[in-house]
>>> print(open('data-v9.txt').read())   # compact mmCIF, C-alpha atoms
# COMPACT_ATOMS: atom_id res chain seq x y z
CA MET A 1 0.00 0.00 0.00
CA LYS A 2 1.37 3.39 -0.87
CA ARG A 3 1.20 5.85 2.02
CA SER A 4 -0.62 9.08 1.29
CA THR A 5 2.33 11.06 2.65
CA GLN A 6 5.71 9.81 1.63
CA SER A 7 8.95 11.14 3.01
CA ILE A 8 12.57 10.15 2.95
CA LEU A 9 15.05 10.27 5.80
CA VAL A 10 18.70 10.60 4.85
CA VAL A 11 21.47 10.09 7.38
CA GLU A 12 24.89 11.47 6.40
CA ASP A 13 27.55 12.79 8.76
CA ASP A 14 29.99 14.16 6.21
CA PRO A 15 29.08 17.82 5.52
CA ASN A 16 30.42 17.72 1.95
CA ASP A 17 28.46 14.59 1.12
CA ARG A 18 25.37 16.14 2.71
CA VAL A 19 25.62 19.11 0.40
CA LEU A 20 25.98 16.82 -2.60
CA LEU A 21 23.01 14.70 -1.56
CA GLU A 22 20.83 17.76 -1.03
CA LEU A 23 21.94 19.11 -4.39
CA ALA A 24 21.17 15.78 -6.01
CA PHE A 25 17.69 15.61 -4.50
CA SER A 26 16.85 19.12 -5.65
CA ARG A 27 18.31 18.41 -9.08
CA ILE A 28 16.18 15.30 -9.62
CA GLY A 29 13.08 17.17 -8.48
CA ILE A 30 11.66 14.96 -5.77
CA ALA A 31 8.16 15.97 -4.75
CA ASP A 32 8.20 14.21 -1.38
CA PRO A 33 9.83 15.82 1.66
CA VAL A 34 13.42 14.80 2.28
CA GLN A 35 14.79 15.12 5.81
CA VAL A 36 18.56 15.11 6.02
CA VAL A 37 20.12 14.53 9.44
CA SER A 38 23.80 14.70 10.24
CA SER A 39 24.30 11.90 12.74
CA GLY A 40 23.06 8.49 13.74
CA SER A 41 21.80 9.75 17.07
CA GLU A 42 19.78 12.46 15.31
CA ALA A 43 18.35 9.76 13.07
CA LEU A 44 17.28 7.63 16.04
CA ALA A 45 15.72 10.66 17.72
CA TYR A 46 13.87 11.45 14.49
CA LEU A 47 12.59 7.91 14.16
CA ARG A 48 11.45 7.94 17.78
CA GLY A 49 9.65 11.23 17.21
CA GLU A 50 11.56 12.99 19.95
CA GLY A 51 10.87 16.69 20.12
CA GLY A 52 9.52 16.90 16.63
CA ASP A 53 6.18 17.75 15.13
CA ARG A 54 5.15 14.76 13.06
CA THR A 55 3.15 16.91 10.69
CA ARG A 56 6.36 18.71 9.80
CA PHE A 57 8.70 15.75 10.28
CA PRO A 58 6.74 12.67 9.22
CA TYR A 59 7.93 9.15 9.79
CA PRO A 60 9.89 8.16 6.69
CA THR A 61 8.60 5.96 3.94
CA PHE A 62 12.13 4.79 3.49
CA LEU A 63 15.54 5.57 4.87
CA ILE A 64 18.91 6.11 3.24
CA THR A 65 21.84 5.88 5.60
CA ASP A 66 25.58 6.07 5.55
CA LEU A 67 27.38 3.37 7.53
CA LYS A 68 30.58 4.71 8.98
CA MET A 69 29.60 7.56 11.27
CA PRO A 70 30.98 8.50 14.69
CA GLY A 71 28.87 7.56 17.69
CA VAL A 72 25.70 5.90 16.47
CA ASP A 73 26.66 4.45 13.09
CA GLY A 74 24.55 3.03 10.29
CA PHE A 75 24.77 -0.47 11.72
CA ALA A 76 23.27 0.79 14.99
CA ILE A 77 20.41 2.45 13.12
CA LEU A 78 19.65 -0.81 11.33
CA ALA A 79 19.81 -2.72 14.59
CA ASP A 80 17.52 -0.23 16.30
CA LEU A 81 14.91 -0.52 13.56
CA ARG A 82 15.04 -4.29 13.84
CA ALA A 83 14.75 -4.17 17.63
CA ASN A 84 11.60 -2.07 17.50
CA PRO A 85 8.99 -4.08 15.65
CA ASP A 86 6.20 -1.87 16.95
CA ARG A 87 7.49 0.81 14.66
CA ALA A 88 7.21 0.52 10.95
CA VAL A 89 9.38 -1.90 9.10
CA THR A 90 10.95 0.89 7.12
CA PRO A 91 12.87 -0.09 4.02
CA SER A 92 16.45 0.85 4.79
CA ILE A 93 18.94 1.55 2.06
CA VAL A 94 22.62 1.76 2.88
CA LEU A 95 24.57 4.31 0.86
CA SER A 96 28.20 3.91 1.82
CA ALA A 97 31.66 4.50 0.46
CA SER A 98 32.57 1.05 1.75
CA SER A 99 32.59 -1.92 -0.59
CA ASP A 100 34.11 -4.17 2.08
CA PRO A 101 32.30 -7.53 1.89
CA ASP A 102 32.20 -7.74 5.69
CA ASP A 103 30.36 -4.41 5.88
CA ILE A 104 27.96 -5.51 3.17
CA ARG A 105 27.26 -8.83 4.88
CA LEU A 106 26.75 -7.19 8.26
CA ALA A 107 24.40 -4.58 6.84
CA TYR A 108 22.20 -7.23 5.25
CA SER A 109 22.28 -9.38 8.38
CA LEU A 110 21.05 -6.38 10.39
CA GLY A 111 18.13 -5.95 8.04
CA ALA A 112 19.28 -3.58 5.33
CA ASN A 113 16.97 -3.91 2.37
CA SER A 114 19.54 -2.71 -0.10
CA TYR A 115 23.22 -1.73 -0.23
CA LEU A 116 24.53 0.90 -2.60
CA VAL A 117 28.08 2.15 -2.96
CA LYS A 118 28.57 5.92 -3.15
CA PRO A 119 29.78 6.84 -6.60
CA VAL A 120 32.71 9.18 -7.02
CA GLU A 121 31.26 11.14 -9.93
CA LEU A 122 28.54 13.66 -9.20
CA GLU A 123 26.48 12.72 -12.24
CA GLU A 124 26.59 9.10 -11.13
CA LEU A 125 25.29 10.15 -7.72
CA PHE A 126 22.40 11.99 -9.37
CA ARG A 127 21.60 8.91 -11.45
CA LEU A 128 21.84 6.65 -8.38
CA LEU A 129 19.49 8.78 -6.30
CA LYS A 130 16.97 9.18 -9.11
CA LEU A 131 16.84 5.45 -9.68
CA THR A 132 16.67 4.76 -5.94
CA TYR A 133 13.81 7.20 -5.53
CA ASP A 134 11.94 5.89 -8.59
CA TYR A 135 12.32 2.30 -7.47
CA TRP A 136 11.39 2.64 -3.79
CA ARG A 137 8.54 4.97 -4.56
CA SER A 138 7.06 2.21 -6.71
CA CYS A 139 7.17 -0.30 -3.87
CA ASP A 140 4.55 -1.08 -1.30
CA VAL A 141 5.63 -0.46 2.28
CA PRO A 142 3.92 -1.24 5.58
CA TYR A 143 1.08 1.14 6.35
CA THR A 144 1.70 3.24 9.44
CA ASP A 145 0.32 6.04 11.52
CA PRO A 146 2.22 9.34 11.51
CA ASP A 147 4.41 8.10 14.37
CA GLY A 148 5.54 5.15 12.35
CA ARG A 149 3.61 2.50 14.21
CA CYS A 150 2.10 -0.15 12.06
CA VAL A 151 -1.66 -0.14 11.88
CA ALA A 152 -2.74 -3.75 12.08
CA THR A 153 -4.87 -6.04 14.13
CA SER A 154 -4.38 -9.68 14.87
CA SER A 155 -6.03 -12.05 12.49
CA ILE A 156 -5.65 -15.28 10.69
CA SER A 157 -4.30 -14.33 7.33
CA LYS A 158 -5.33 -15.87 4.09
CA LEU A 159 -2.13 -17.86 4.30
CA GLY A 160 -3.03 -19.30 7.67
CA GLN A 161 -0.48 -17.31 9.59
CA VAL A 162 -1.42 -15.52 12.78
CA PHE A 163 0.21 -12.13 13.04
CA ARG A 164 1.57 -10.46 16.04
CA SER A 165 -0.17 -7.12 16.09
CA THR A 166 0.16 -3.64 17.41
CA GLN A 167 -3.11 -1.97 18.20
CA LEU A 168 -3.06 1.77 18.61
CA ASN A 169 -4.60 3.55 21.57
CA HIS A 170 -5.38 0.38 23.43
CA PRO A 171 -7.21 1.28 26.69
CA SER A 172 -4.76 -0.62 28.86
CA GLY A 173 -1.80 1.04 27.20
CA HIS A 174 -0.49 -2.38 26.22
CA SER A 175 -0.60 -4.04 22.88
CA PRO A 176 -2.52 -7.27 22.55
CA THR A 177 -0.50 -10.13 21.16
CA VAL A 178 -1.53 -13.41 19.69
CA MET B 1 32.34 -6.03 -4.50
CA VAL B 2 30.98 -8.75 -6.73
CA ARG B 3 28.33 -8.80 -9.41
CA SER B 4 26.93 -12.30 -9.71
CA THR B 5 25.96 -13.75 -13.05
CA GLY B 6 23.19 -16.19 -12.16
CA PRO B 7 19.56 -16.24 -13.25
CA VAL B 8 16.54 -14.49 -11.83
CA LEU B 9 14.34 -16.97 -10.01
CA LEU B 10 10.64 -16.35 -10.62
CA VAL B 11 8.46 -18.31 -8.20
CA ASP B 12 4.80 -18.11 -9.22
CA ASP B 13 2.16 -20.79 -9.63
CA SER B 14 0.23 -18.72 -12.18
CA GLU B 15 1.42 -19.60 -15.64
CA ASP B 16 -0.20 -16.49 -17.11
CA ASP B 17 1.46 -14.15 -14.63
CA ALA B 18 4.83 -15.84 -15.04
CA LEU B 19 4.75 -15.73 -18.82
CA LEU B 20 3.70 -12.08 -18.87
CA MET B 21 6.54 -11.09 -16.54
CA GLN B 22 9.06 -13.13 -18.52
CA ARG B 23 7.93 -11.35 -21.66
CA ALA B 24 8.46 -7.98 -19.98
CA PHE B 25 11.97 -8.97 -18.88
CA ARG B 26 12.87 -10.21 -22.34
CA LYS B 27 12.44 -6.69 -23.73
CA SER B 28 15.87 -5.98 -22.31
CA ALA B 29 18.66 -7.75 -24.14
CA GLU B 30 20.83 -7.72 -21.02
CA PHE B 31 18.35 -9.20 -18.59
CA PRO B 32 19.57 -12.50 -17.22
CA LYS B 33 17.82 -15.78 -17.84
CA VAL B 34 14.59 -16.24 -15.88
CA GLN B 35 14.20 -19.56 -14.13
CA TRP B 36 10.50 -20.14 -13.46
CA LEU B 37 9.36 -22.36 -10.59
CA THR B 38 5.74 -23.07 -9.74
CA ASN B 39 5.81 -23.87 -6.04
CA GLY B 40 7.66 -22.97 -2.86
CA ASN B 41 9.15 -26.42 -2.31
CA ASP B 42 10.85 -26.32 -5.71
CA ALA B 43 12.28 -22.94 -4.74
CA THR B 44 13.98 -24.44 -1.67
CA LEU B 45 15.21 -27.46 -3.64
CA TYR B 46 16.58 -25.16 -6.33
CA LEU B 47 18.45 -23.03 -3.82
CA CYS B 48 19.91 -26.11 -2.14
CA GLY B 49 20.86 -27.60 -5.50
CA HIS B 50 18.93 -30.81 -4.85
CA GLY B 51 16.67 -33.18 -6.76
CA GLN B 52 16.24 -32.12 -10.36
CA PHE B 53 18.27 -28.96 -9.65
CA LYS B 54 21.52 -30.53 -8.53
CA ASP B 55 23.51 -29.59 -11.61
CA ARG B 56 24.81 -26.14 -10.72
CA THR B 57 26.06 -25.55 -14.23
CA VAL B 58 22.46 -25.77 -15.42
CA TYR B 59 20.82 -24.36 -12.26
CA PRO B 60 23.20 -21.80 -10.73
CA LEU B 61 22.34 -19.75 -7.67
CA PRO B 62 20.10 -16.81 -8.60
CA VAL B 63 21.09 -13.16 -8.43
CA LEU B 64 17.54 -12.17 -7.55
CA ILE B 65 14.32 -13.88 -6.51
CA LEU B 66 10.85 -12.70 -7.50
CA LEU B 67 8.47 -14.44 -5.15
CA ASP B 68 4.71 -14.73 -5.19
CA LEU B 69 3.08 -15.42 -1.84
CA LYS B 70 0.18 -17.69 -2.73
CA LEU B 71 2.10 -20.79 -3.73
CA PRO B 72 1.29 -24.47 -3.39
CA VAL B 73 3.27 -26.89 -1.21
CA LYS B 74 5.22 -24.09 0.52
CA ASN B 75 3.77 -20.57 0.43
CA GLY B 76 5.85 -17.44 -0.05
CA PHE B 77 6.07 -16.67 3.67
CA GLU B 78 7.44 -20.14 4.35
CA VAL B 79 9.99 -19.78 1.58
CA LEU B 80 11.08 -16.41 2.96
CA ARG B 81 11.39 -17.68 6.49
CA TRP B 82 13.40 -20.69 5.31
CA LEU B 83 15.61 -18.62 3.04
CA ARG B 84 16.53 -16.03 5.65
CA SER B 85 17.42 -18.64 8.23
CA TYR B 86 20.53 -19.55 6.20
CA PRO B 87 23.54 -17.21 5.87
CA ALA B 88 24.14 -18.79 2.46
CA PHE B 89 21.15 -16.87 1.09
CA ALA B 90 21.32 -13.76 3.25
CA SER B 91 22.25 -11.39 0.50
CA ILE B 92 20.16 -12.73 -2.38
CA PRO B 93 17.57 -9.97 -2.85
CA VAL B 94 13.97 -11.15 -2.67
CA ILE B 95 11.22 -9.06 -4.16
CA VAL B 96 7.73 -10.19 -3.24
CA LEU B 97 5.52 -9.77 -6.27
CA SER B 98 1.97 -10.32 -5.15
CA ASP B 99 -1.69 -9.59 -5.90
CA CYS B 100 -2.30 -9.18 -2.21
CA ILE B 101 -2.24 -5.62 -0.87
CA ASP B 102 -3.41 -6.34 2.65
CA PRO B 103 -1.19 -4.15 4.88
CA ARG B 104 -0.66 -7.05 7.28
CA ILE B 105 0.64 -9.19 4.45
CA ILE B 106 2.96 -6.42 3.29
CA ARG B 107 4.35 -5.93 6.79
CA ARG B 108 4.77 -9.65 7.29
CA ALA B 109 6.72 -10.01 4.08
CA TYR B 110 9.18 -7.30 5.13
CA GLU B 111 9.42 -8.76 8.64
CA LEU B 112 10.32 -12.16 7.22
CA GLY B 113 13.12 -10.66 5.18
CA ALA B 114 11.75 -9.58 1.84
CA ASN B 115 13.91 -6.79 0.48
CA SER B 116 10.99 -5.24 -1.31
CA PHE B 117 7.26 -5.74 -1.98
CA ILE B 118 5.57 -4.79 -5.22
CA ARG B 119 2.01 -5.29 -6.30
CA LYS B 120 1.85 -7.35 -9.48
CA PRO B 121 1.48 -4.97 -12.44
CA GLN B 122 -1.85 -5.21 -14.19
CA ASN B 123 -0.94 -4.18 -17.72
CA GLU B 124 1.89 -4.53 -20.18
CA GLU B 125 3.20 -0.99 -19.78
CA LEU B 126 3.41 -1.32 -16.01
CA ARG B 127 5.10 -4.71 -16.34
CA ARG B 128 7.65 -3.21 -18.71
CA GLN B 129 8.34 -0.31 -16.33
CA LEU B 130 8.73 -2.70 -13.43
CA ALA B 131 11.08 -4.95 -15.38
CA GLU B 132 13.21 -1.94 -16.28
CA LEU B 133 13.33 -0.67 -12.70
CA VAL B 134 14.13 -4.11 -11.31
CA GLU B 135 16.93 -4.60 -13.79
CA GLN B 136 18.46 -1.17 -13.29
CA TYR B 137 18.14 -1.11 -9.52
CA TRP B 138 18.65 -4.68 -8.29
CA LEU B 139 20.94 -5.93 -11.02
CA GLY B 140 22.70 -2.70 -11.89
CA LEU B 141 22.99 -0.73 -8.67
CA ASN B 142 22.42 -2.90 -5.62
CA ILE B 143 25.50 -4.65 -4.21
CA THR B 144 25.68 -8.15 -2.77
CA VAL B 145 28.53 -10.43 -1.74
CA PRO B 146 29.40 -14.07 -2.41
CA ASP B 147 27.50 -16.35 -0.11
CA GLU B 148 28.56 -19.06 2.30
CA PRO B 149 28.14 -22.79 1.66
CA VAL B 150 24.66 -23.87 0.72
CA PRO B 151 22.67 -25.96 3.22
CA GLU B 152 21.02 -29.32 2.76
CA PRO B 153 17.28 -29.11 2.09
CA ASP B 154 14.87 -29.69 4.98
CA ARG B 155 13.82 -33.29 5.44
>>> encode(input="data-v9.txt", output="structure tokens")
Amino acid sequence: MKRSTQSILVVEDDPNDRVLLELAFSRIGIADPVQVVSSGSEALAYLRGEGGDRTRFPYPTFLITDLKMPGVDGFAILADLRANPDRAVTPSIVLSASSDPDDIRLAYSLGANSYLVKPVELEELFRLLKLTYDYWRSCDVPYTDPDGRCVATSSISKLGQVFRSTQLNHPSGHSPTV
Amino acid sequence: MVRSTGPVLLVDDSEDDALLMQRAFRKSAEFPKVQWLTNGNDATLYLCGHGQFKDRTVYPLPVLILLDLKLPVKNGFEVLRWLRSYPAFASIPVIVLSDCIDPRIIRRAYELGANSFIRKPQNEELRRQLAELVEQYWLGLNITVPDEPVPEPDR
């Protein structure tokens, strides 16, 4: 299901790369809001909705993150998303200068949906971001509320699988599980 | 950084849907061979290189898997769960290609390790666009690494 409001969260600590990414996004003319944060800890705070107005800073439809960042790195962001199933399963795309197979393997094992290597040439970066945006915008992602929590209720699916569910605004404050 | 050269595995029990997607992929001269399987159990046997699929020169590991969910024998969720439990297949991208747009189904697919979920295109133009995007993004841009040894199939 396509969300009615789509937004992209980009996590990049290098100021030069941030400028290039912002330039690339404006050059390819993306209609959806793009939030660029400069550290992993900012990204986690954004995802948790800390101190932000969700109408201005919506939960992202998908996330693009660098890996090697001081403090909270890209691996930690991936791990945090995986450890918080009550939040949306947000497609996470790694965009890193590293082509080290160990980094690639670890990123996938932590739940990265895709791994892209940062190109050196600016035009290549533009092409990469355009294609990334076009592709992920065509995908279906889990439907969420503005805070990123999945809207679902427990049920027996057509495939006979019972889902763990998160029910919003439950009177007890707890989520029912099956 | 390695670009694999295997086929695209298309797992779909609908012959019509499979043929239409294969036709869309064939519009690109560079698209790899599509290996079509009709049920989830064959998908696991293929990946393990067992039964009729044991000749790896004929049935090499795929570079990408397009997976329907409503499959006989083993459904798409079961294939996903099985696949992601083995490091050998951790970095083979899996795109769920399904008629089902129930948000719970979409979430479940991502939770079980699908890289991406796309509703099956309903006309030729949309199929062509999807084939082009899949080729350019997953086969041209996305990076994977060589995998570890392949497991034995489940008994």
>>> interface_residues(input="data-v9.txt", of="chain B", to="chain A", cutoff="9 Å", atoms="all atoms listed in the file", output="ChimeraX atom specification")
/B:1-2,69-70,75,77,87,90-91,93,101-108,110-111,113-119,130,133-134,136-138,141-146
>>> atom_distance(input="data-v9.txt", atom1="CA of Asp17 in chain B", atom2="CA of Glu78 in chain B")
20.8 Å
>>> atom_distance(input="data-v9.txt", atom1="CA of Asp99 in chain B", atom2="CA of Pro7 in chain B")
23.4 Å
>>> atom_distance(input="data-v9.txt", atom1="CA of Asp53 in chain A", atom2="CA of Leu9 in chain A")
14.9 Å
>>> residues_near_point(input="data-v9.txt", point="(30.0, 6.0, 9.4)", cutoff="12 Å", atoms="all atoms listed in the file", output="number ranges by chain")
A: 11-14, 38-41, 65-77, 94-98, 103
>>> build_atoms(input="data-v9.txt", residues="range 41-60 of chain A", atoms="N, CA and C atoms", output="CSV table (one decimal), in the coordinates of the input")
chain,number,residue,atom,x,y,z
A,41,SER,N,22.6,9.5,15.9
A,41,SER,CA,21.8,9.8,17.1
A,41,SER,C,20.6,10.7,16.7
A,42,GLU,N,20.9,11.6,15.8
A,42,GLU,CA,19.8,12.5,15.3
A,42,GLU,C,18.8,11.6,14.6
A,43,ALA,N,19.3,10.6,13.8
A,43,ALA,CA,18.4,9.8,13.1
A,43,ALA,C,17.5,9.0,14.0
A,44,LEU,N,18.1,8.4,15.1
A,44,LEU,CA,17.3,7.6,16.0
A,44,LEU,C,16.2,8.5,16.7
A,45,ALA,N,16.7,9.7,17.1
A,45,ALA,CA,15.7,10.7,17.7
A,45,ALA,C,14.6,11.0,16.8
A,46,TYR,N,14.9,11.2,15.5
A,46,TYR,CA,13.9,11.4,14.5
A,46,TYR,C,12.9,10.3,14.4
A,47,LEU,N,13.4,9.1,14.3
A,47,LEU,CA,12.6,7.9,14.2
A,47,LEU,C,11.7,7.7,15.4
A,48,ARG,N,12.2,8.1,16.6
A,48,ARG,CA,11.4,7.9,17.8
A,48,ARG,C,10.5,9.1,18.0
A,49,GLY,N,10.6,10.1,17.1
A,49,GLY,CA,9.6,11.2,17.2
A,49,GLY,C,10.0,12.1,18.4
A,50,GLU,N,11.2,12.2,18.8
A,50,GLU,CA,11.6,13.0,20.0
A,50,GLU,C,11.6,14.5,19.6
A,51,GLY,N,10.8,15.2,20.2
A,51,GLY,CA,10.9,16.7,20.1
A,51,GLY,C,10.4,17.2,18.8
A,52,GLY,N,9.9,16.4,18.0
A,52,GLY,CA,9.5,16.9,16.6
A,52,GLY,C,8.0,16.9,16.4
A,53,ASP,N,7.6,17.7,15.5
A,53,ASP,CA,6.2,17.8,15.1
A,53,ASP,C,6.0,16.8,13.9
A,54,ARG,N,5.3,15.8,14.1
A,54,ARG,CA,5.2,14.8,13.1
A,54,ARG,C,4.5,15.3,11.8
A,55,THR,N,3.7,16.4,11.9
A,55,THR,CA,3.2,16.9,10.7
A,55,THR,C,4.2,17.6,9.8
A,56,ARG,N,5.2,18.1,10.5
A,56,ARG,CA,6.4,18.7,9.8
A,56,ARG,C,7.5,17.7,9.5
A,57,PHE,N,7.6,16.7,10.4
A,57,PHE,CA,8.7,15.8,10.3
A,57,PHE,C,8.1,14.3,10.3
A,58,PRO,N,7.4,14.0,9.2
A,58,PRO,CA,6.7,12.7,9.2
A,58,PRO,C,7.7,11.5,9.3
A,59,TYR,N,7.2,10.4,9.8
A,59,TYR,CA,7.9,9.2,9.8
A,59,TYR,C,8.3,8.8,8.4
A,60,PRO,N,9.5,8.4,8.1
A,60,PRO,CA,9.9,8.2,6.7
A,60,PRO,C,9.3,6.9,6.0
